[in-house]
>>> print(open('input_9.pdb').read())   # PDB, C-alpha atoms and all ligand atoms
ATOM      1  CA  MET Q   1       0.000   0.000   0.000
ATOM      2  CA  LYS Q   2       1.092   3.587  -0.460
ATOM      3  CA  PRO Q   3       2.685   4.909   2.736
ATOM      4  CA  ASP Q   4       0.345   7.940   2.714
ATOM      5  CA  ALA Q   5      -2.599   5.585   3.062
ATOM      6  CA  LEU Q   6      -1.052   4.117   6.218
ATOM      7  CA  LEU Q   7       0.025   7.305   7.969
ATOM      8  CA  TYR Q   8      -0.323  10.969   7.163
ATOM      9  CA  PRO Q   9       0.158  14.323   8.857
ATOM     10  CA  ALA Q  10      -3.185  15.650  10.149
ATOM     11  CA  PRO Q  11      -3.630  18.889  12.112
ATOM     12  CA  LYS Q  12      -3.529  17.016  15.438
ATOM     13  CA  GLY Q  13      -0.429  15.015  14.479
ATOM     14  CA  LEU Q  14       0.571  11.924  12.508
ATOM     15  CA  TYR Q  15      -2.593   9.894  11.968
ATOM     16  CA  CYS Q  16      -3.126   6.234  11.078
ATOM     17  CA  GLN Q  17      -6.648   5.987   9.750
ATOM     18  CA  ILE Q  18      -6.774   2.172   9.497
ATOM     19  CA  GLY Q  19      -5.768   1.757  13.130
ATOM     20  CA  ASP Q  20      -7.520   4.979  14.170
ATOM     21  CA  PHE Q  21      -4.676   6.333  16.286
ATOM     22  CA  PHE Q  22      -2.344   9.318  16.395
ATOM     23  CA  ILE Q  23       1.353   9.383  17.217
ATOM     24  CA  ASP Q  24       2.468  12.148  19.607
ATOM     25  CA  PRO Q  25      -0.663  14.225  18.912
ATOM     26  CA  VAL Q  26      -0.489  17.889  19.875
ATOM     27  CA  GLN Q  27      -4.173  18.030  20.803
ATOM     28  CA  PRO Q  28      -6.374  15.612  22.775
ATOM     29  CA  VAL Q  29      -7.454  12.549  20.725
ATOM     30  CA  GLU Q  30      -9.260   9.244  21.324
ATOM     31  CA  ARG Q  31      -6.191   7.027  20.968
ATOM     32  CA  ALA Q  32      -2.578   8.209  21.150
ATOM     33  CA  LEU Q  33       0.714   6.350  20.834
ATOM     34  CA  ILE Q  34       3.453   8.338  22.588
ATOM     35  CA  THR Q  35       7.174   8.109  21.775
ATOM     36  CA  HIS Q  36       8.542   9.742  24.949
ATOM     37  CA  GLY Q  37       7.773  11.939  27.918
ATOM     38  CA  HIS Q  38       8.890  15.394  26.714
ATOM     39  CA  SER Q  39       5.915  17.702  27.052
ATOM     40  CA  ASP Q  40       5.614  18.607  23.361
ATOM     41  CA  HIS Q  41       5.283  14.912  22.473
ATOM     42  CA  ALA Q  42       3.436  13.637  25.545
ATOM     43  CA  ARG Q  43       0.415  15.779  26.290
ATOM     44  CA  ALA Q  44      -2.341  15.230  28.822
ATOM     45  CA  GLY Q  45      -6.007  14.690  27.966
ATOM     46  CA  HIS Q  46      -6.078  11.759  25.515
ATOM     47  CA  GLY Q  47      -8.721   9.030  25.794
ATOM     48  CA  GLN Q  48      -6.365   6.050  25.522
ATOM     49  CA  VAL Q  49      -2.571   6.174  25.651
ATOM     50  CA  LEU Q  50      -0.131   3.474  24.569
ATOM     51  CA  ALA Q  51       3.492   4.023  25.541
ATOM     52  CA  THR Q  52       6.353   2.333  27.353
ATOM     53  CA  ARG Q  53       5.859   1.849  31.093
ATOM     54  CA  GLU Q  54       8.533   4.475  31.768
ATOM     55  CA  THR Q  55       6.859   7.053  29.516
ATOM     56  CA  LEU Q  56       3.500   6.400  31.223
ATOM     57  CA  ASP Q  57       5.166   6.782  34.634
ATOM     58  CA  ILE Q  58       6.796  10.038  33.523
ATOM     59  CA  MET Q  59       3.451  11.383  32.244
ATOM     60  CA  ARG Q  60       1.847  10.466  35.575
ATOM     61  CA  ILE Q  61       4.625  12.269  37.470
ATOM     62  CA  ARG Q  62       4.208  15.381  35.333
ATOM     63  CA  TYR Q  63       0.436  15.546  34.894
ATOM     64  CA  GLY Q  64      -1.013  13.492  37.752
ATOM     65  CA  ASP Q  65      -3.084  10.285  37.741
ATOM     66  CA  GLY Q  66      -5.810  11.628  35.466
ATOM     67  CA  PHE Q  67      -3.458  12.372  32.571
ATOM     68  CA  CYS Q  68      -5.534  10.173  30.256
ATOM     69  CA  GLY Q  69      -8.656   7.981  30.209
ATOM     70  CA  THR Q  70      -6.940   4.597  30.049
ATOM     71  CA  SER Q  71      -3.338   3.602  29.467
ATOM     72  CA  GLN Q  72      -1.574   0.526  28.168
ATOM     73  CA  SER Q  73       2.134  -0.066  28.581
ATOM     74  CA  VAL Q  74       4.128  -1.585  25.739
ATOM     75  CA  GLU Q  75       7.568  -3.157  26.179
ATOM     76  CA  LEU Q  76      10.438  -2.148  23.936
ATOM     77  CA  GLY Q  77      10.613  -4.853  21.272
ATOM     78  CA  GLU Q  78       6.964  -5.810  21.763
ATOM     79  CA  ARG Q  79       4.520  -5.912  18.846
ATOM     80  CA  LEU Q  80       0.775  -5.591  19.020
ATOM     81  CA  THR Q  81      -2.100  -5.236  16.608
ATOM     82  CA  LEU Q  82      -4.512  -2.313  16.594
ATOM     83  CA  ASP Q  83      -7.446  -2.818  14.209
ATOM     84  CA  GLY Q  84      -5.295  -4.757  11.765
ATOM     85  CA  VAL Q  85      -2.247  -2.503  12.027
ATOM     86  CA  GLU Q  86       0.897  -4.007  13.562
ATOM     87  CA  VAL Q  87       2.554  -1.590  15.952
ATOM     88  CA  GLY Q  88       5.994  -1.968  17.556
ATOM     89  CA  PHE Q  89       8.027   0.051  20.062
ATOM     90  CA  HIS Q  90      11.829   0.183  19.623
ATOM     91  CA  PRO Q  91      14.509   1.971  21.692
ATOM     92  CA  ALA Q  92      15.289   5.523  20.535
ATOM     93  CA  GLY Q  93      18.188   6.401  22.874
ATOM     94  CA  HIS Q  94      16.697   9.832  23.632
ATOM     95  CA  VAL Q  95      15.560   9.780  27.291
ATOM     96  CA  LEU Q  96      14.444   7.053  29.727
ATOM     97  CA  GLY Q  97      11.546   5.122  28.162
ATOM     98  CA  SER Q  98      11.885   6.764  24.739
ATOM     99  CA  ALA Q  99      10.762   4.695  21.765
ATOM    100  CA  GLN Q 100      10.567   4.777  18.019
ATOM    101  CA  ILE Q 101       7.196   3.486  16.892
ATOM    102  CA  SER Q 102       6.813   1.215  13.869
ATOM    103  CA  VAL Q 103       3.496   0.901  12.063
ATOM    104  CA  ARG Q 104       2.873  -1.855   9.529
ATOM    105  CA  ALA Q 105      -0.083  -2.870   7.375
ATOM    106  CA  ASN Q 106      -0.411  -4.633   4.004
ATOM    107  CA  GLY Q 107       3.338  -5.098   3.693
ATOM    108  CA  THR Q 108       4.251  -1.426   4.228
ATOM    109  CA  ARG Q 109       6.197  -0.403   7.289
ATOM    110  CA  ILE Q 110       6.762   3.128   8.562
ATOM    111  CA  VAL Q 111       9.053   3.926  11.494
ATOM    112  CA  ILE Q 112       8.487   7.141  13.446
ATOM    113  CA  SER Q 113      11.670   8.065  15.290
ATOM    114  CA  GLY Q 114      10.163  10.537  17.738
ATOM    115  CA  ASP Q 115      13.358  12.139  19.021
ATOM    116  CA  TYR Q 116      16.549  10.083  19.005
ATOM    117  CA  LYS Q 117      20.304  10.063  19.300
ATOM    118  CA  ARG Q 118      23.049   7.574  18.540
ATOM    119  CA  ARG Q 119      25.508   8.365  21.328
ATOM    120  CA  ARG Q 120      25.798   6.152  24.353
ATOM    121  CA  ASP Q 121      23.658   7.392  27.217
ATOM    122  CA  PRO Q 122      23.994   5.826  30.675
ATOM    123  CA  THR Q 123      20.373   6.722  31.455
ATOM    124  CA  CYS Q 124      18.492   4.936  28.670
ATOM    125  CA  ALA Q 125      18.523   2.068  26.175
ATOM    126  CA  GLY Q 126      20.438   2.762  22.951
ATOM    127  CA  PHE Q 127      18.810   3.435  19.560
ATOM    128  CA  GLU Q 128      18.108   0.354  17.460
ATOM    129  CA  PRO Q 129      17.813   0.763  13.681
ATOM    130  CA  VAL Q 130      14.635  -0.827  12.302
ATOM    131  CA  ALA Q 131      14.290  -1.686   8.617
ATOM    132  CA  CYS Q 132      11.383   0.136   7.003
ATOM    133  CA  ASP Q 133       9.896   1.547   3.821
ATOM    134  CA  VAL Q 134       9.533   5.034   5.252
ATOM    135  CA  PHE Q 135      11.698   6.444   8.039
ATOM    136  CA  ILE Q 136      10.256   9.527   9.701
ATOM    137  CA  THR Q 137      13.128  11.392  11.285
ATOM    138  CA  GLU Q 138      13.349  14.464  13.478
ATOM    139  CA  ALA Q 139      15.819  17.116  12.319
ATOM    140  CA  THR Q 140      16.390  19.294  15.384
ATOM    141  CA  PHE Q 141      20.071  19.628  14.480
ATOM    142  CA  GLY Q 142      19.592  18.975  10.768
ATOM    143  CA  LEU Q 143      22.291  21.224   9.355
ATOM    144  CA  PRO Q 144      25.856  20.216   8.421
ATOM    145  CA  VAL Q 145      27.253  22.826  10.858
ATOM    146  CA  PHE Q 146      25.917  20.850  13.798
ATOM    147  CA  HIS Q 147      28.552  18.603  15.247
ATOM    148  CA  HIS Q 148      28.185  17.583  18.866
ATOM    149  CA  PRO Q 149      31.490  17.040  20.670
ATOM    150  CA  ASP Q 150      32.192  14.081  22.951
ATOM    151  CA  ASP Q 151      29.984  14.429  26.033
ATOM    152  CA  ARG Q 152      32.763  13.107  28.277
ATOM    153  CA  ALA Q 153      35.037  15.963  27.176
ATOM    154  CA  GLU Q 154      32.208  18.431  27.905
ATOM    155  CA  THR Q 155      31.742  16.887  31.363
ATOM    156  CA  ARG Q 156      35.457  17.274  32.043
ATOM    157  CA  LYS Q 157      35.161  21.009  31.316
ATOM    158  CA  LEU Q 158      32.765  21.302  34.223
ATOM    159  CA  LEU Q 159      35.029  19.296  36.543
ATOM    160  CA  THR Q 160      38.068  21.328  35.482
ATOM    161  CA  SER Q 161      36.225  24.558  36.256
ATOM    162  CA  LEU Q 162      35.326  23.188  39.675
ATOM    163  CA  THR Q 163      39.010  22.632  40.443
ATOM    164  CA  GLN Q 164      40.028  26.004  39.026
ATOM    165  CA  PHE Q 165      37.309  27.981  40.810
ATOM    166  CA  PRO Q 166      36.630  26.165  44.091
ATOM    167  CA  GLU Q 167      35.167  29.347  45.624
ATOM    168  CA  ARG Q 168      32.382  29.591  43.048
ATOM    169  CA  THR Q 169      29.004  27.816  42.922
ATOM    170  CA  HIS Q 170      28.705  25.885  39.660
ATOM    171  CA  VAL Q 171      25.075  26.346  38.649
ATOM    172  CA  VAL Q 172      24.043  24.160  35.722
ATOM    173  CA  GLY Q 173      20.858  24.687  33.689
ATOM    174  CA  ALA Q 174      19.524  21.440  32.226
ATOM    175  CA  TYR Q 175      16.113  20.217  31.061
ATOM    176  CA  ALA Q 176      14.235  18.431  33.824
ATOM    177  CA  LEU Q 177      13.568  15.222  31.895
ATOM    178  CA  GLY Q 178      16.583  13.428  30.513
ATOM    179  CA  LYS Q 179      19.262  16.095  30.302
ATOM    180  CA  ALA Q 180      19.579  16.736  34.038
ATOM    181  CA  GLN Q 181      19.841  13.017  34.830
ATOM    182  CA  ARG Q 182      22.286  12.418  31.986
ATOM    183  CA  VAL Q 183      24.557  15.247  33.157
ATOM    184  CA  ILE Q 184      24.500  13.806  36.678
ATOM    185  CA  ALA Q 185      25.225  10.278  35.387
ATOM    186  CA  LEU Q 186      28.099  11.604  33.245
ATOM    187  CA  LEU Q 187      29.574  13.391  36.260
ATOM    188  CA  ARG Q 188      29.399  10.143  38.262
ATOM    189  CA  GLU Q 189      31.065   8.224  35.430
ATOM    190  CA  ALA Q 190      33.795  10.853  35.353
ATOM    191  CA  GLY Q 191      34.528  10.071  39.002
ATOM    192  CA  TYR Q 192      32.685  12.935  40.722
ATOM    193  CA  HIS Q 193      31.118  11.480  43.864
ATOM    194  CA  GLN Q 194      30.326  14.561  45.952
ATOM    195  CA  PRO Q 195      26.652  15.297  46.648
ATOM    196  CA  ILE Q 196      25.009  17.164  43.745
ATOM    197  CA  PHE Q 197      22.392  19.765  44.664
ATOM    198  CA  ILE Q 198      19.174  19.871  42.655
ATOM    199  CA  HIS Q 199      16.325  22.360  42.234
ATOM    200  CA  GLY Q 200      12.967  21.128  43.560
ATOM    201  CA  ALA Q 201      11.579  20.856  40.012
ATOM    202  CA  LEU Q 202      14.020  18.021  39.288
ATOM    203  CA  GLN Q 203      13.369  15.996  42.437
ATOM    204  CA  ARG Q 204      10.580  13.666  41.334
ATOM    205  CA  LEU Q 205      12.095  12.822  37.962
ATOM    206  CA  CYS Q 206      15.524  12.205  39.524
ATOM    207  CA  ASP Q 207      13.880   9.997  42.179
ATOM    208  CA  TYR Q 208      12.106   8.141  39.385
ATOM    209  CA  TYR Q 209      15.319   7.539  37.427
ATOM    210  CA  GLN Q 210      16.963   6.235  40.616
ATOM    211  CA  SER Q 211      13.970   3.929  41.251
ATOM    212  CA  GLN Q 212      14.534   2.494  37.760
ATOM    213  CA  GLY Q 213      18.084   1.499  38.648
ATOM    214  CA  ILE Q 214      19.908   4.492  37.190
ATOM    215  CA  ASP Q 215      22.485   5.422  39.786
ATOM    216  CA  LEU Q 216      22.700   9.188  40.172
ATOM    217  CA  GLY Q 217      24.610   9.056  43.450
ATOM    218  CA  GLU Q 218      23.800  11.359  46.369
ATOM    219  CA  LEU Q 219      21.418  14.172  45.433
ATOM    220  CA  ARG Q 220      20.414  16.890  47.884
ATOM    221  CA  PRO Q 221      17.859  19.674  47.572
ATOM    222  CA  ALA Q 222      19.405  23.024  46.603
ATOM    223  CA  THR Q 223      17.311  24.860  49.157
ATOM    224  CA  LEU Q 224      18.378  28.408  49.743
ATOM    225  CA  ALA Q 225      16.147  29.974  52.379
ATOM    226  CA  ALA Q 226      16.738  33.563  53.486
ATOM    227  CA  ASP Q 227      17.556  32.527  57.060
ATOM    228  CA  ASP Q 228      19.733  29.686  55.897
ATOM    229  CA  LYS Q 229      23.233  30.777  55.040
ATOM    230  CA  GLN Q 230      24.242  27.414  53.696
ATOM    231  CA  ASP Q 231      27.166  27.877  51.434
ATOM    232  CA  PHE Q 232      27.203  26.189  48.060
ATOM    233  CA  ARG Q 233      30.705  27.328  47.112
ATOM    234  CA  GLY Q 234      32.605  24.673  45.223
ATOM    235  CA  THR Q 235      29.509  22.536  44.643
ATOM    236  CA  ILE Q 236      27.452  21.645  41.582
ATOM    237  CA  VAL Q 237      23.845  22.846  41.619
ATOM    238  CA  ILE Q 238      21.476  21.768  38.827
ATOM    239  CA  GLY Q 239      18.217  23.498  37.939
ATOM    240  CA  PRO Q 240      15.747  23.554  35.029
ATOM    241  CA  PRO Q 241      16.066  26.248  32.331
ATOM    242  CA  ALA Q 242      13.131  28.256  33.722
ATOM    243  CA  ALA Q 243      14.759  28.577  37.154
ATOM    244  CA  PHE Q 244      18.050  29.316  35.482
ATOM    245  CA  ALA Q 245      16.447  32.189  33.567
ATOM    246  CA  ASP Q 246      14.592  33.725  36.518
ATOM    247  CA  ARG Q 247      17.759  34.607  38.364
ATOM    248  CA  TRP Q 248      17.422  31.652  40.718
ATOM    249  CA  SER Q 249      21.045  30.847  39.865
ATOM    250  CA  ARG Q 250      22.290  34.264  40.961
ATOM    251  CA  ARG Q 251      21.160  33.699  44.542
ATOM    252  CA  PHE Q 252      24.103  31.375  45.059
ATOM    253  CA  ALA Q 253      27.537  32.451  46.208
ATOM    254  CA  ASP Q 254      29.549  33.792  43.262
ATOM    255  CA  PRO Q 255      27.727  31.593  40.733
ATOM    256  CA  ILE Q 256      29.222  30.481  37.465
ATOM    257  CA  ALA Q 257      26.456  30.073  34.891
ATOM    258  CA  ILE Q 258      26.672  26.788  33.030
ATOM    259  CA  PHE Q 259      24.136  25.379  30.590
ATOM    260  CA  ALA Q 260      23.946  21.882  29.099
ATOM    261  CA  SER Q 261      22.276  21.757  25.672
ATOM    262  CA  GLY Q 262      22.990  20.961  22.050
ATOM    263  CA  TRP Q 263      22.196  24.612  21.375
ATOM    264  CA  MET Q 264      25.259  25.688  23.331
ATOM    265  CA  LEU Q 265      27.153  25.057  20.105
ATOM    266  CA  ILE Q 266      25.758  28.405  18.990
ATOM    267  CA  ARG Q 267      27.729  31.118  20.807
ATOM    268  CA  GLN Q 268      24.926  33.623  20.379
ATOM    269  CA  ARG Q 269      22.458  31.433  22.282
ATOM    270  CA  ALA Q 270      24.902  30.947  25.121
ATOM    271  CA  LYS Q 271      25.479  34.705  25.268
ATOM    272  CA  GLN Q 272      21.740  35.474  25.289
ATOM    273  CA  ARG Q 273      21.313  33.263  28.327
ATOM    274  CA  GLY Q 274      24.340  34.786  30.026
ATOM    275  CA  VAL Q 275      26.073  31.422  30.046
ATOM    276  CA  GLU Q 276      29.720  31.516  31.083
ATOM    277  CA  LEU Q 277      30.460  27.863  30.549
ATOM    278  CA  PRO Q 278      28.406  26.274  27.740
ATOM    279  CA  LEU Q 279      28.325  22.462  27.708
ATOM    280  CA  VAL Q 280      27.370  20.991  24.345
ATOM    281  CA  ILE Q 281      25.471  17.932  25.542
ATOM    282  CA  SER Q 282      22.584  16.966  23.306
ATOM    283  CA  ASP Q 283      19.888  14.289  23.395
ATOM    284  CA  HIS Q 284      19.395  14.594  19.641
ATOM    285  CA  CYS Q 285      21.407  13.466  16.647
ATOM    286  CA  ASP Q 286      23.842  15.879  15.111
ATOM    287  CA  TRP Q 287      24.128  16.101  11.316
ATOM    288  CA  ALA Q 288      26.544  13.171  11.003
ATOM    289  CA  GLU Q 289      24.346  10.943  13.164
ATOM    290  CA  LEU Q 290      21.216  11.848  11.194
ATOM    291  CA  THR Q 291      22.801  11.091   7.827
ATOM    292  CA  GLN Q 292      24.575   7.939   9.087
ATOM    293  CA  THR Q 293      21.293   6.649  10.485
ATOM    294  CA  ILE Q 294      19.497   7.151   7.178
ATOM    295  CA  THR Q 295      22.362   5.453   5.323
ATOM    296  CA  GLU Q 296      22.282   2.543   7.768
ATOM    297  CA  ILE Q 297      18.509   2.030   7.680
ATOM    298  CA  ALA Q 298      18.378   2.609   3.905
ATOM    299  CA  PRO Q 299      14.637   3.269   3.796
ATOM    300  CA  GLY Q 300      12.775   3.659   0.507
ATOM    301  CA  GLU Q 301      11.672   7.118   1.587
ATOM    302  CA  VAL Q 302      12.420   9.652   4.323
ATOM    303  CA  TRP Q 303       9.921  12.058   5.829
ATOM    304  CA  VAL Q 304      11.450  14.830   7.878
ATOM    305  CA  THR Q 305       9.769  16.479  10.817
ATOM    306  CA  HIS Q 306      10.390  19.148  13.440
ATOM    307  CA  GLY Q 307      13.654  20.967  13.015
ATOM    308  CA  ARG Q 308      15.667  22.044  10.021
ATOM    309  CA  GLU Q 309      13.831  19.971   7.471
ATOM    310  CA  GLU Q 310      14.993  21.357   4.144
ATOM    311  CA  ALA Q 311      18.710  20.578   4.409
ATOM    312  CA  LEU Q 312      18.098  16.959   5.336
ATOM    313  CA  VAL Q 313      15.518  16.555   2.572
ATOM    314  CA  ARG Q 314      18.055  17.947   0.097
ATOM    315  CA  TRP Q 315      20.778  15.616   1.409
ATOM    316  CA  CYS Q 316      18.475  12.600   0.944
ATOM    317  CA  GLU Q 317      17.658  13.640  -2.607
ATOM    318  CA  LEU Q 318      21.380  13.906  -3.407
ATOM    319  CA  GLN Q 319      21.749  10.313  -2.156
ATOM    320  CA  GLY Q 320      18.909   9.209  -4.416
ATOM    321  CA  ILE Q 321      16.477   8.698  -1.506
ATOM    322  CA  ALA Q 322      13.000  10.171  -1.931
ATOM    323  CA  ALA Q 323      12.335  12.648   0.878
ATOM    324  CA  ARG Q 324       9.893  15.297   1.943
ATOM    325  CA  PRO Q 325       9.277  17.640   4.860
ATOM    326  CA  LEU Q 326       6.133  17.020   6.912
ATOM    327  CA  HIS Q 327       5.790  20.512   8.388
ATOM    328  CA  LEU Q 328       4.227  19.213  11.593
ATOM    329  CA  VAL Q 329       3.448  21.994  14.029
ATOM    330  CA  GLY Q 330       3.484  21.997  17.807
ATOM    331  CA  TYR Q 331       6.873  20.423  18.475
ATOM    332  CA  ASP Q 332       9.338  22.625  20.239
ATOM    333  CA  ASP Q 333      12.930  22.304  19.100
ATOM    334  CA  GLU Q 334      14.052  24.495  21.999
ATOM    335  CA  GLY Q 335      13.048  21.841  24.478
ATOM    336  CA  GLU Q 336      16.068  19.715  23.878
TER     337      GLU Q 336
HETATM  338 ZN    ZN K   1      12.323  14.920  23.129
HETATM  339 ZN    ZN K   2      10.922  16.596  19.717
END
>>> encode(input="input_9.pdb", output="C-alpha cells")
Amino acid sequence: MKPDALLYPAPKGLYCQIGDFFIDPVQPVERALITHGHSDHARAGHGQVLATRETLDIMRIRYGDGFCGTSQSVELGERLTLDGVEVGFHPAGHVLGSAQISVRANGTRIVISGDYKRRRDPTCAGFEPVACDVFITEATFGLPVFHHPDDRAETRKLLTSLTQFPERTHVVGAYALGKAQRVIALLREAGYHQPIFIHGALQRLCDYYQSQGIDLGELRPATLAADDKQDFRGTIVIGPPAAFADRWSRRFADPIAIFASGWMLIRQRAKQRGVELPLVISDHCDWAELTQTITEIAPGEVWVTHGREEALVRWCELQGIAARPLHLVGYDDEGE
C-alpha cells in the first residue's frame, strides 16, 4: 500500500486511519501512541494512551493520575495489533523510556523516530535501527554545521572549572527530563562522587530515574532559604532552564552560569542566556548521526519532521532517496 494511506500528517499530528490512532498528537485525541515523555510529544487529555511503562510513569509524574482515560504499557521490542495494524516500540536512545514506533499494514512499514540520538547514554537504552519503507526522522540539528562534541570531554570542562574555581558555585541549567539526569550520570562516570544539589523541580524525575536502577549518586535539595546561610561554594547545583532564567542561579555564592544543551554550540544562544560555561550535551542526533542513520537504515523514503527539514531533505535527494518535509506543528525544538 502507499505509505500515505497508512500514515499521514493531520492537524492534530501523525494519523493512522486504518488503526484509528495518532502518534504524539499535539491536541487531545481518542487514541494516542506516545514516543517519549517530553511535554511537546506527551500531552495530557487523551482518551487512551499506549506508551512504554517508563513514559507512562513520567506522564503520571508530570500531569497526575488523570493524565488520560486509560493507558496501556508496551515493552520495547513488543509488537501488538490495533485494528489490523501491527505496531511496535523500539529503543530511541533519547531519554528514559523513549521509543521509536513502527506501524505496519499490508506489507508497508513506517518507522516514526520521535526524538533520538546515537551516542551512548547511561540513562536509557540505545537506539536500534529498524528496517522500514519510510523512516520519519526528526531534524532538530539537521544542518551540516551541527557537530556535537564528545559528552565526556564536555563533562570534564565542568570538573576542570570546579578545580580552578573552588570558591564559586557551579550552577548548571539542564532540562528536567533526561538532560539533568544524563549530566549527573556523566559526572558520576567521570569520578565525581560529591553530593550534587538539585532544584525542587528536578526531584521527582531524579527519584524516578533512581527507582529504575539508574544510579545518580547522592542528590540533595538546593534549598536556599533567606535565614539559611548554607554555602554552596565549590559545589554543583542543577536546575531547570526556567529557574536558570529567573535569576534563581544568581542567589548562590559567586555563581558560574553553566548550561547543558545541544544549542550551546551556537555562541549567540549561550550569550543570550548569560552562560559563562556552555556544555554541548545533546539528546538529539547531530548532522553526522542523522545522515549515518538514514544510510544505515536505507529506507525507501524519508519524511522529515520538526527541526531544520529542508537541508536533510536535500541531502536525501542527493543520495537518491525520496524525501519530503512534513511541516508538523506543535513540536518545540528548543526543548532539547
Ligand atoms: Zn524529546
Ligand atoms: Zn521533539
>>> closest_residue(input="input_9.pdb", among="Q:Leu159, Q:Leu312, Q:Val26, Q:Leu216", to="ligand ZN 2 (chain K)", atoms="all atoms listed in the file")
Q:Val26
>>> resolve_selection(input="input_9.pdb", expression="the PyMOL selection byres (((not hetatm)) within 9 of (chain K and resi 2))", output="list in words")
His36, His38, Ser39, Asp40, His41, Gly114, Asp115, Tyr116, Glu138, Ala139, Thr140, His284, Thr305, His306, Gly307, Tyr331, Asp332, Asp333, Glu334, Gly335 and Glu336 of chain Q
>>> resolve_selection(input="input_9.pdb", expression="the PyMOL selection byres (((chain Q and resi 253) around 12) and not hetatm)", output="list in words")
Pro166, Glu167, Arg168, Thr169, His170, Val171, Leu224, Lys229, Gln230, Asp231, Phe232, Arg233, Gly234, Thr235, Ile236, Val237, Trp248, Ser249, Arg250, Arg251, Phe252, Asp254, Pro255, Ile256 and Ala257 of chain Q
>>> closest_residue(input="input_9.pdb", among="Q:Ala245, Q:Leu328, Q:Leu265, Q:Ala288", to="Trp315 in chain Q", atoms="all atoms listed in the file")
Q:Ala288
>>> resolve_selection(input="input_9.pdb", expression="the PyMOL selection byres (((chain Q and resi 198) around 9) and not hetatm)", output="number ranges by chain")
Q: 196-197, 199-203, 219-223, 236-239
>>> decode(input="input_9.pdb", residues="range 145-176 of chain Q", atoms="C-alpha atoms", output="mmCIF file, in the first residue's frame")
data_model
loop_
_atom_site.group_PDB
_atom_site.id
_atom_site.type_symbol
_atom_site.label_atom_id
_atom_site.label_comp_id
_atom_site.auth_asym_id
_atom_site.auth_seq_id
_atom_site.Cartn_x
_atom_site.Cartn_y
_atom_site.Cartn_z
ATOM 1 C CA VAL Q 145 27.253 22.826 10.858
ATOM 2 C CA PHE Q 146 25.917 20.850 13.798
ATOM 3 C CA HIS Q 147 28.552 18.603 15.247
ATOM 4 C CA HIS Q 148 28.185 17.583 18.866
ATOM 5 C CA PRO Q 149 31.490 17.040 20.670
ATOM 6 C CA ASP Q 150 32.192 14.081 22.951
ATOM 7 C CA ASP Q 151 29.984 14.429 26.033
ATOM 8 C CA ARG Q 152 32.763 13.107 28.277
ATOM 9 C CA ALA Q 153 35.037 15.963 27.176
ATOM 10 C CA GLU Q 154 32.208 18.431 27.905
ATOM 11 C CA THR Q 155 31.742 16.887 31.363
ATOM 12 C CA ARG Q 156 35.457 17.274 32.043
ATOM 13 C CA LYS Q 157 35.161 21.009 31.316
ATOM 14 C CA LEU Q 158 32.765 21.302 34.223
ATOM 15 C CA LEU Q 159 35.029 19.296 36.543
ATOM 16 C CA THR Q 160 38.068 21.328 35.482
ATOM 17 C CA SER Q 161 36.225 24.558 36.256
ATOM 18 C CA LEU Q 162 35.326 23.188 39.675
ATOM 19 C CA THR Q 163 39.010 22.632 40.443
ATOM 20 C CA GLN Q 164 40.028 26.004 39.026
ATOM 21 C CA PHE Q 165 37.309 27.981 40.810
ATOM 22 C CA PRO Q 166 36.630 26.165 44.091
ATOM 23 C CA GLU Q 167 35.167 29.347 45.624
ATOM 24 C CA ARG Q 168 32.382 29.591 43.048
ATOM 25 C CA THR Q 169 29.004 27.816 42.922
ATOM 26 C CA HIS Q 170 28.705 25.885 39.660
ATOM 27 C CA VAL Q 171 25.075 26.346 38.649
ATOM 28 C CA VAL Q 172 24.043 24.160 35.722
ATOM 29 C CA GLY Q 173 20.858 24.687 33.689
ATOM 30 C CA ALA Q 174 19.524 21.440 32.226
ATOM 31 C CA TYR Q 175 16.113 20.217 31.061
ATOM 32 C CA ALA Q 176 14.235 18.431 33.824
#
